[in-house]
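**Student:** Got a structure here, written out as C-alpha cells. Questions coming.
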Amino acid sequence: MKVLVPVKRVIDYNVKARVKPDGSGVDLANVKMSMNPFGEIAVEEAVRLKEKGVVSEIVVVSIGPTQAQETIRTALAMGADRGILIQTDEAVEPLSVAKLLKAVVEEEKPELAILGKQAIDDDANQTGQMLAALLDWPQGTFASELEIADGKAKITREIDGGLQTLAVELPAVITTDLRLNEPRYASLPNIMKAKRKPIDMKTPDDYGVALETRLEQIKVEEPPKRQAGVIVESVTELVDKLKNEAGVI
Ligand code: AMP
C-alpha cells in the first residue's frame, strides 16, 4: 500500500514570530524554517505503518519554495522513500494546495493520504478536508490513534468530552492530531542515506493547477504585551488582590 504524506515548510515552532512593521504579515527574513510539526507526526505515522508491514511506499510532497527540498529531505531521513517538490515562491492557499494534492493522488494512486491537521503558520485546518471532498474520499480528521486492517482505517479522534472511533473505507484522507505519536529524530546514517533518495521537481503548471487567491489578509498584529507580575507577601494579600483588583473571585 502506498501512502502520500504532504508536508509544509513553516516558521519553526520555537521561533518567536515578528510582525512586519506595516502589519502586512510575519517577517520571515532570516528566520529558521522547519517541517510543520503536524506533518512530522504524519511522516512518523506513515513510517510506523511501513515498519509494521502495512505500507510499502511513502511518498512525501511539499508545495513551496526550492528550500522546501530540505523539509522533504527531513522526511526522507525519518524513513519516507521519495519526495515530490511542487516549486512555487507564491503563498499558496489551502484550496490550491488541495487541488495540487488531488492531482498528485491521481498520478500516484496512494490508498491513504496522511496530512497534518493544520499548518502552524496560517492555522487554516482546511487542506485535508478539502482534499477529501475533491477526491470524494472519506476522511478521519484529528486522529489520535490509527489502525489499518481489512481495507479500512480505524481512527480514534479526541472530541469534546471523550473519544470517538470511526471506521472508513480506503482510500481515505487522515489528518493527524498532536497525540498520535512522538516523531523520531533522524539518525546520522539515515540523514546520509536520505541524500540519495529521489526528489521529483515539479511546478503547479505540470499539474494544470492555477494558483488562485481567494483570501485577502487585511492585517497581522502582535498579541498584546503581558504586564509584569508582582510577588505578594501573603495568601491574604493574594486573595485581596484576586477579589478587589482582578475581580475574579
Ligand atoms: P492547513 O489546512 O494549511 O492548516 O494545512 C493542513 C495540512 O495540509 C498540513 O499539515 C499539510 O499536511 C498539508 N499542507 C498544507 N499546505 C501545504 C503545502 N504547502 N505543502 C504540502 N502540504 C501542505
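If you're wondering about the labels, chains in the C-alpha cells are A, B, ... by order shown, residues count from 1 in each chain, ligands from 1 in order shown.
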Give the residues close to ligand 1, within 7 Å, counting only C-alpha atoms and all ligand atoms; write them as a PDB file with N, CA and C atoms, in the first residue's frame.
**Tutor:**
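New file part.pdb:
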```pdb
ATOM      1  N   VAL A   5       2.188  11.627   1.920  1.00  0.00           N
ATOM      2  CA  VAL A   5       2.254  12.497   3.104  1.00  0.00           C
ATOM      3  C   VAL A   5       2.661  13.910   2.669  1.00  0.00           C
ATOM      4  N   PRO A   6       1.706  14.843   2.679  1.00  0.00           N
ATOM      5  CA  PRO A   6       2.046  16.225   2.353  1.00  0.00           C
ATOM      6  C   PRO A   6       2.632  16.938   3.573  1.00  0.00           C
ATOM      7  N   VAL A   7       3.786  17.576   3.382  1.00  0.00           N
ATOM      8  CA  VAL A   7       4.416  18.297   4.498  1.00  0.00           C
ATOM      9  C   VAL A   7       4.689  19.744   4.078  1.00  0.00           C
ATOM     10  N   LYS A   8       4.407  20.656   4.979  1.00  0.00           N
ATOM     11  CA  LYS A   8       4.605  22.073   4.658  1.00  0.00           C
ATOM     12  C   LYS A   8       5.829  22.614   5.397  1.00  0.00           C
ATOM     13  N   ARG A   9       6.568  23.468   4.704  1.00  0.00           N
ATOM     14  CA  ARG A   9       7.696  24.173   5.325  1.00  0.00           C
ATOM     15  C   ARG A   9       7.126  25.432   5.972  1.00  0.00           C
ATOM     16  N   ASN A  36       6.380  21.522   9.319  1.00  0.00           N
ATOM     17  CA  ASN A  36       5.228  21.713  10.194  1.00  0.00           C
ATOM     18  C   ASN A  36       5.143  20.526  11.174  1.00  0.00           C
ATOM     19  N   PHE A  38       2.809  19.023  12.745  1.00  0.00           N
ATOM     20  CA  PHE A  38       1.770  18.013  12.474  1.00  0.00           C
ATOM     21  C   PHE A  38       2.148  17.159  11.257  1.00  0.00           C
ATOM     22  N   GLY A  39       2.976  17.742  10.366  1.00  0.00           N
ATOM     23  CA  GLY A  39       3.496  16.980   9.227  1.00  0.00           C
ATOM     24  C   GLY A  39       4.497  15.940   9.702  1.00  0.00           C
ATOM     25  N   VAL A  61       5.205  14.913  -0.244  1.00  0.00           N
ATOM     26  CA  VAL A  61       5.069  16.002  -1.206  1.00  0.00           C
ATOM     27  C   VAL A  61       5.020  17.336  -0.474  1.00  0.00           C
ATOM     28  N   SER A  62       5.729  18.321  -1.012  1.00  0.00           N
ATOM     29  CA  SER A  62       5.669  19.654  -0.440  1.00  0.00           C
ATOM     30  C   SER A  62       5.449  20.669  -1.553  1.00  0.00           C
ATOM     31  N   ILE A  63       4.646  21.652  -1.260  1.00  0.00           N
ATOM     32  CA  ILE A  63       4.391  22.726  -2.214  1.00  0.00           C
ATOM     33  C   ILE A  63       5.001  23.971  -1.593  1.00  0.00           C
ATOM     34  N   GLY A  64       5.970  24.546  -2.250  1.00  0.00           N
ATOM     35  CA  GLY A  64       6.629  25.698  -1.652  1.00  0.00           C
ATOM     36  C   GLY A  64       7.892  26.060  -2.407  1.00  0.00           C
ATOM     37  N   VAL A  92       0.584  29.885  -1.078  1.00  0.00           N
ATOM     38  CA  VAL A  92      -0.443  29.038  -1.677  1.00  0.00           C
ATOM     39  C   VAL A  92      -1.553  28.782  -0.657  1.00  0.00           C
ATOM     40  N   PRO A  94      -5.027  27.031   1.015  1.00  0.00           N
ATOM     41  CA  PRO A  94      -5.410  25.615   1.174  1.00  0.00           C
ATOM     42  C   PRO A  94      -6.144  25.013  -0.033  1.00  0.00           C
ATOM     43  N   VAL A  97      -3.610  24.171  -2.604  1.00  0.00           N
ATOM     44  CA  VAL A  97      -2.817  23.021  -2.139  1.00  0.00           C
ATOM     45  C   VAL A  97      -3.630  21.746  -2.345  1.00  0.00           C
ATOM     46  N   LEU A 115      -2.208  13.750   6.328  1.00  0.00           N
ATOM     47  CA  LEU A 115      -1.818  15.160   6.401  1.00  0.00           C
ATOM     48  C   LEU A 115      -1.779  15.587   7.864  1.00  0.00           C
ATOM     49  N   GLY A 116      -1.132  16.711   8.117  1.00  0.00           N
ATOM     50  CA  GLY A 116      -1.245  17.303   9.435  1.00  0.00           C
ATOM     51  C   GLY A 116      -2.632  17.920   9.575  1.00  0.00           C
ATOM     52  N   LYS A 117      -3.131  18.030  10.811  1.00  0.00           N
ATOM     53  CA  LYS A 117      -4.470  18.625  10.947  1.00  0.00           C
ATOM     54  C   LYS A 117      -4.445  20.110  10.611  1.00  0.00           C
ATOM     55  N   GLN A 118      -3.293  20.747  10.834  1.00  0.00           N
ATOM     56  CA  GLN A 118      -3.185  22.149  10.451  1.00  0.00           C
ATOM     57  C   GLN A 118      -1.718  22.519  10.314  1.00  0.00           C
ATOM     58  N   ALA A 119      -1.476  23.549   9.540  1.00  0.00           N
ATOM     59  CA  ALA A 119      -0.119  24.069   9.427  1.00  0.00           C
ATOM     60  C   ALA A 119      -0.012  25.215  10.419  1.00  0.00           C
ATOM     61  N   ILE A 120       1.077  25.220  11.209  1.00  0.00           N
ATOM     62  CA  ILE A 120       1.130  26.165  12.337  1.00  0.00           C
ATOM     63  C   ILE A 120       1.420  27.611  11.912  1.00  0.00           C
ATOM     64  N   ASP A 122      -0.424  29.435   9.208  1.00  0.00           N
ATOM     65  CA  ASP A 122      -1.716  30.100   8.996  1.00  0.00           C
ATOM     66  C   ASP A 122      -2.837  29.485   9.822  1.00  0.00           C
ATOM     67  N   ASP A 123      -2.572  28.313  10.455  1.00  0.00           N
ATOM     68  CA  ASP A 123      -3.599  27.627  11.261  1.00  0.00           C
ATOM     69  C   ASP A 123      -4.905  27.447  10.486  1.00  0.00           C
ATOM     70  N   ALA A 124      -4.812  27.148   9.199  1.00  0.00           N
ATOM     71  CA  ALA A 124      -6.033  27.089   8.385  1.00  0.00           C
ATOM     72  C   ALA A 124      -6.898  25.882   8.736  1.00  0.00           C
ATOM     73  N   ASN A 125      -6.268  24.717   8.913  1.00  0.00           N
ATOM     74  CA  ASN A 125      -7.019  23.493   9.219  1.00  0.00           C
ATOM     75  C   ASN A 125      -8.091  23.243   8.159  1.00  0.00           C
ATOM     76  N   GLN A 126      -7.682  23.270   6.889  1.00  0.00           N
ATOM     77  CA  GLN A 126      -8.647  23.120   5.801  1.00  0.00           C
ATOM     78  C   GLN A 126      -8.218  22.108   4.751  1.00  0.00           C
ATOM     79  N   THR A 127      -6.898  21.948   4.562  1.00  0.00           N
ATOM     80  CA  THR A 127      -6.420  21.241   3.371  1.00  0.00           C
ATOM     81  C   THR A 127      -6.890  19.793   3.317  1.00  0.00           C
ATOM     82  N   GLY A 128      -6.761  19.063   4.437  1.00  0.00           N
ATOM     83  CA  GLY A 128      -7.168  17.646   4.449  1.00  0.00           C
ATOM     84  C   GLY A 128      -8.637  17.495   4.107  1.00  0.00           C
TER      85      GLY A 128
END
```
**Student:** Set the distance at 7 Å and use only C-alpha atoms: which residues neighbour range 73-79 of chain A once local chain neighbours fewer than 6 positions away are removed? I'd like the list as a PyMOL selection string.
**Tutor:** chain A and resi 43+47+184-186+190-191+194
**Student:** How about saving the chosen residues, C-alpha atoms kept, as a PDB file, in the first residue's frame?
**Tutor:**
```
ATOM      1  CA  VAL A  43       5.502  11.175   8.445  1.00  0.00           C
ATOM      2  CA  VAL A  47       6.915   5.193   8.812  1.00  0.00           C
ATOM      3  CA  ARG A 184      11.558  10.282  15.839  1.00  0.00           C
ATOM      4  CA  TYR A 185      14.784  12.183  15.288  1.00  0.00           C
ATOM      5  CA  ALA A 186      16.549  11.118  12.127  1.00  0.00           C
ATOM      6  CA  ASN A 190      19.609   7.884   7.828  1.00  0.00           C
ATOM      7  CA  ILE A 191      20.332  11.548   7.091  1.00  0.00           C
ATOM      8  CA  ALA A 194      18.271  10.354   2.579  1.00  0.00           C
TER       9      ALA A 194
END
```
**Student:** Calculated over only C-alpha atoms, which of the candidates A:Glu40, A:Glu70, A:Asp12, A:Asp22 has the smallest distance to Glu221 in chain A?
**Tutor:**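 The answer is A:Asp22, which sits nearest to Glu221 in chain A.
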**Student:** List the spatial neighbours of Tyr13 in chain A as a list in words - criterion: any atom at most 8 Å away, only C-alpha atoms, same-chain residues fewer than 2 positions off excluded.
**Tutor:**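 After dropping sequence-adjacent residues, the list is Ile11, Val15, Lys16, Ser34, Asn36, Pro37 and Ile120 of chain A.
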**Student:** Go ahead and save the picked residues with all heavy atoms, as a PDB file, in the first residue's frame.
**Tutor:**
```pdb
ATOM      1  N   ILE A  11       7.472  28.411   9.510  1.00  0.00           N
ATOM      2  CA  ILE A  11       8.345  29.028  10.520  1.00  0.00           C
ATOM      3  C   ILE A  11       8.489  28.020  11.674  1.00  0.00           C
ATOM      4  O   ILE A  11       7.514  27.397  12.076  1.00  0.00           O
ATOM      5  CB  ILE A  11       7.742  30.381  11.001  1.00  0.00           C
ATOM      6  CG1 ILE A  11       8.659  31.092  11.981  1.00  0.00           C
ATOM      7  CG2 ILE A  11       6.362  30.209  11.592  1.00  0.00           C
ATOM      8  CD1 ILE A  11       8.263  32.551  12.225  1.00  0.00           C
ATOM      9  N   VAL A  15      10.495  29.518  17.133  1.00  0.00           N
ATOM     10  CA  VAL A  15      10.841  30.906  16.821  1.00  0.00           C
ATOM     11  C   VAL A  15       9.700  31.833  17.237  1.00  0.00           C
ATOM     12  O   VAL A  15       8.531  31.526  17.014  1.00  0.00           O
ATOM     13  CB  VAL A  15      11.083  31.053  15.293  1.00  0.00           C
ATOM     14  CG1 VAL A  15      11.194  32.518  14.888  1.00  0.00           C
ATOM     15  CG2 VAL A  15      12.323  30.288  14.868  1.00  0.00           C
ATOM     16  N   LYS A  16      10.068  32.946  17.869  1.00  0.00           N
ATOM     17  CA  LYS A  16       9.031  33.927  18.211  1.00  0.00           C
ATOM     18  C   LYS A  16       8.775  34.761  16.951  1.00  0.00           C
ATOM     19  O   LYS A  16       9.681  35.445  16.475  1.00  0.00           O
ATOM     20  CB  LYS A  16       9.514  34.810  19.367  1.00  0.00           C
ATOM     21  CG  LYS A  16       8.412  35.679  19.900  1.00  0.00           C
ATOM     22  CD  LYS A  16       8.864  36.509  21.077  1.00  0.00           C
ATOM     23  CE  LYS A  16       7.788  37.477  21.491  1.00  0.00           C
ATOM     24  NZ  LYS A  16       7.262  38.341  20.448  1.00  0.00           N
ATOM     25  N   SER A  34      11.144  25.108   9.373  1.00  0.00           N
ATOM     26  CA  SER A  34      11.198  23.655   9.602  1.00  0.00           C
ATOM     27  C   SER A  34       9.936  23.007   9.069  1.00  0.00           C
ATOM     28  O   SER A  34       9.018  23.692   8.628  1.00  0.00           O
ATOM     29  CB  SER A  34      11.272  23.357  11.105  1.00  0.00           C
ATOM     30  OG  SER A  34      12.364  23.970  11.673  1.00  0.00           O
ATOM     31  N   ASN A  36       6.380  21.522   9.319  1.00  0.00           N
ATOM     32  CA  ASN A  36       5.228  21.713  10.194  1.00  0.00           C
ATOM     33  C   ASN A  36       5.143  20.526  11.174  1.00  0.00           C
ATOM     34  O   ASN A  36       5.175  19.375  10.750  1.00  0.00           O
ATOM     35  CB  ASN A  36       3.981  21.764   9.292  1.00  0.00           C
ATOM     36  CG  ASN A  36       2.713  21.891  10.083  1.00  0.00           C
ATOM     37  OD1 ASN A  36       2.644  22.601  11.088  1.00  0.00           O
ATOM     38  ND2 ASN A  36       1.691  21.182   9.638  1.00  0.00           N
ATOM     39  N   PRO A  37       5.064  20.795  12.490  1.00  0.00           N
ATOM     40  CA  PRO A  37       5.070  19.697  13.469  1.00  0.00           C
ATOM     41  C   PRO A  37       3.990  18.635  13.212  1.00  0.00           C
ATOM     42  O   PRO A  37       4.225  17.446  13.430  1.00  0.00           O
ATOM     43  CB  PRO A  37       4.820  20.405  14.804  1.00  0.00           C
ATOM     44  CG  PRO A  37       5.243  21.805  14.582  1.00  0.00           C
ATOM     45  CD  PRO A  37       5.029  22.120  13.138  1.00  0.00           C
ATOM     46  N   ILE A 120       1.077  25.220  11.209  1.00  0.00           N
ATOM     47  CA  ILE A 120       1.130  26.165  12.337  1.00  0.00           C
ATOM     48  C   ILE A 120       1.420  27.611  11.912  1.00  0.00           C
ATOM     49  O   ILE A 120       1.473  28.491  12.750  1.00  0.00           O
ATOM     50  CB  ILE A 120       2.155  25.734  13.417  1.00  0.00           C
ATOM     51  CG1 ILE A 120       3.576  25.676  12.825  1.00  0.00           C
ATOM     52  CG2 ILE A 120       1.776  24.406  14.047  1.00  0.00           C
ATOM     53  CD1 ILE A 120       4.649  25.788  13.888  1.00  0.00           C
TER      54      ILE A 120
END
```
**Student:** Return as a list in words the full set of residues in range 6-53 of chain A whose backbone-based DSSP assignment is helix (DSSP H, G or I).
**Tutor:** Pro37, Phe38, Gly39, Glu40, Ile41, Ala42, Val43, Glu44, Glu45, Ala46, Val47, Arg48, Leu49, Lys50 and Glu51 of chain A
**Student:** Looking only at the backbone, which of the residues in range 43-105 of chain A does DSSP tag as strand (DSSP E or B), as a short mmCIF file (atom, residue, chain, number, x, y, z; two decimals) with N, CA and C atoms, in the first residue's frame?
**Tutor:**
```
data_model
loop_
_atom_site.label_atom_id
_atom_site.label_comp_id
_atom_site.auth_asym_id
_atom_site.auth_seq_id
_atom_site.Cartn_x
_atom_site.Cartn_y
_atom_site.Cartn_z
N GLU A 57 5.25 1.86 0.44
CA GLU A 57 5.98 3.03 -0.04
C GLU A 57 5.39 4.32 0.52
N ILE A 58 6.29 5.22 0.94
CA ILE A 58 5.85 6.52 1.47
C ILE A 58 6.36 7.62 0.54
N VAL A 59 5.42 8.36 -0.05
CA VAL A 59 5.80 9.46 -0.93
C VAL A 59 5.46 10.77 -0.20
N VAL A 60 6.46 11.63 -0.09
CA VAL A 60 6.26 12.91 0.61
C VAL A 60 6.15 14.01 -0.44
N VAL A 61 5.21 14.91 -0.24
CA VAL A 61 5.07 16.00 -1.21
C VAL A 61 5.02 17.34 -0.47
N SER A 62 5.73 18.32 -1.01
CA SER A 62 5.67 19.65 -0.44
C SER A 62 5.45 20.67 -1.55
N ILE A 63 4.65 21.65 -1.26
CA ILE A 63 4.39 22.73 -2.21
C ILE A 63 5.00 23.97 -1.59
N GLY A 64 5.97 24.55 -2.25
CA GLY A 64 6.63 25.70 -1.65
C GLY A 64 7.89 26.06 -2.41
N ARG A 82 10.49 8.56 -1.13
CA ARG A 82 10.85 9.54 -2.15
C ARG A 82 9.99 10.79 -1.98
N GLY A 83 10.40 11.83 -2.69
CA GLY A 83 9.72 13.11 -2.49
C GLY A 83 9.31 13.74 -3.80
N ILE A 84 8.35 14.65 -3.70
CA ILE A 84 7.94 15.48 -4.83
C ILE A 84 7.90 16.91 -4.32
N LEU A 85 8.65 17.80 -4.99
CA LEU A 85 8.54 19.22 -4.64
C LEU A 85 7.79 19.92 -5.75
N ILE A 86 6.66 20.53 -5.41
CA ILE A 86 5.95 21.36 -6.39
C ILE A 86 6.38 22.78 -6.08
N GLN A 87 7.30 23.26 -6.91
CA GLN A 87 8.00 24.51 -6.59
C GLN A 87 7.18 25.74 -6.94
#
```
**Student:** Give the answer as one residue: which of A:Leu180, A:Ala68, A:Ala113, A:Gln139 has the shortest atom-to-atom distance to Glu45 in chain A, using only C-alpha atoms?
**Tutor:** A:Leu180
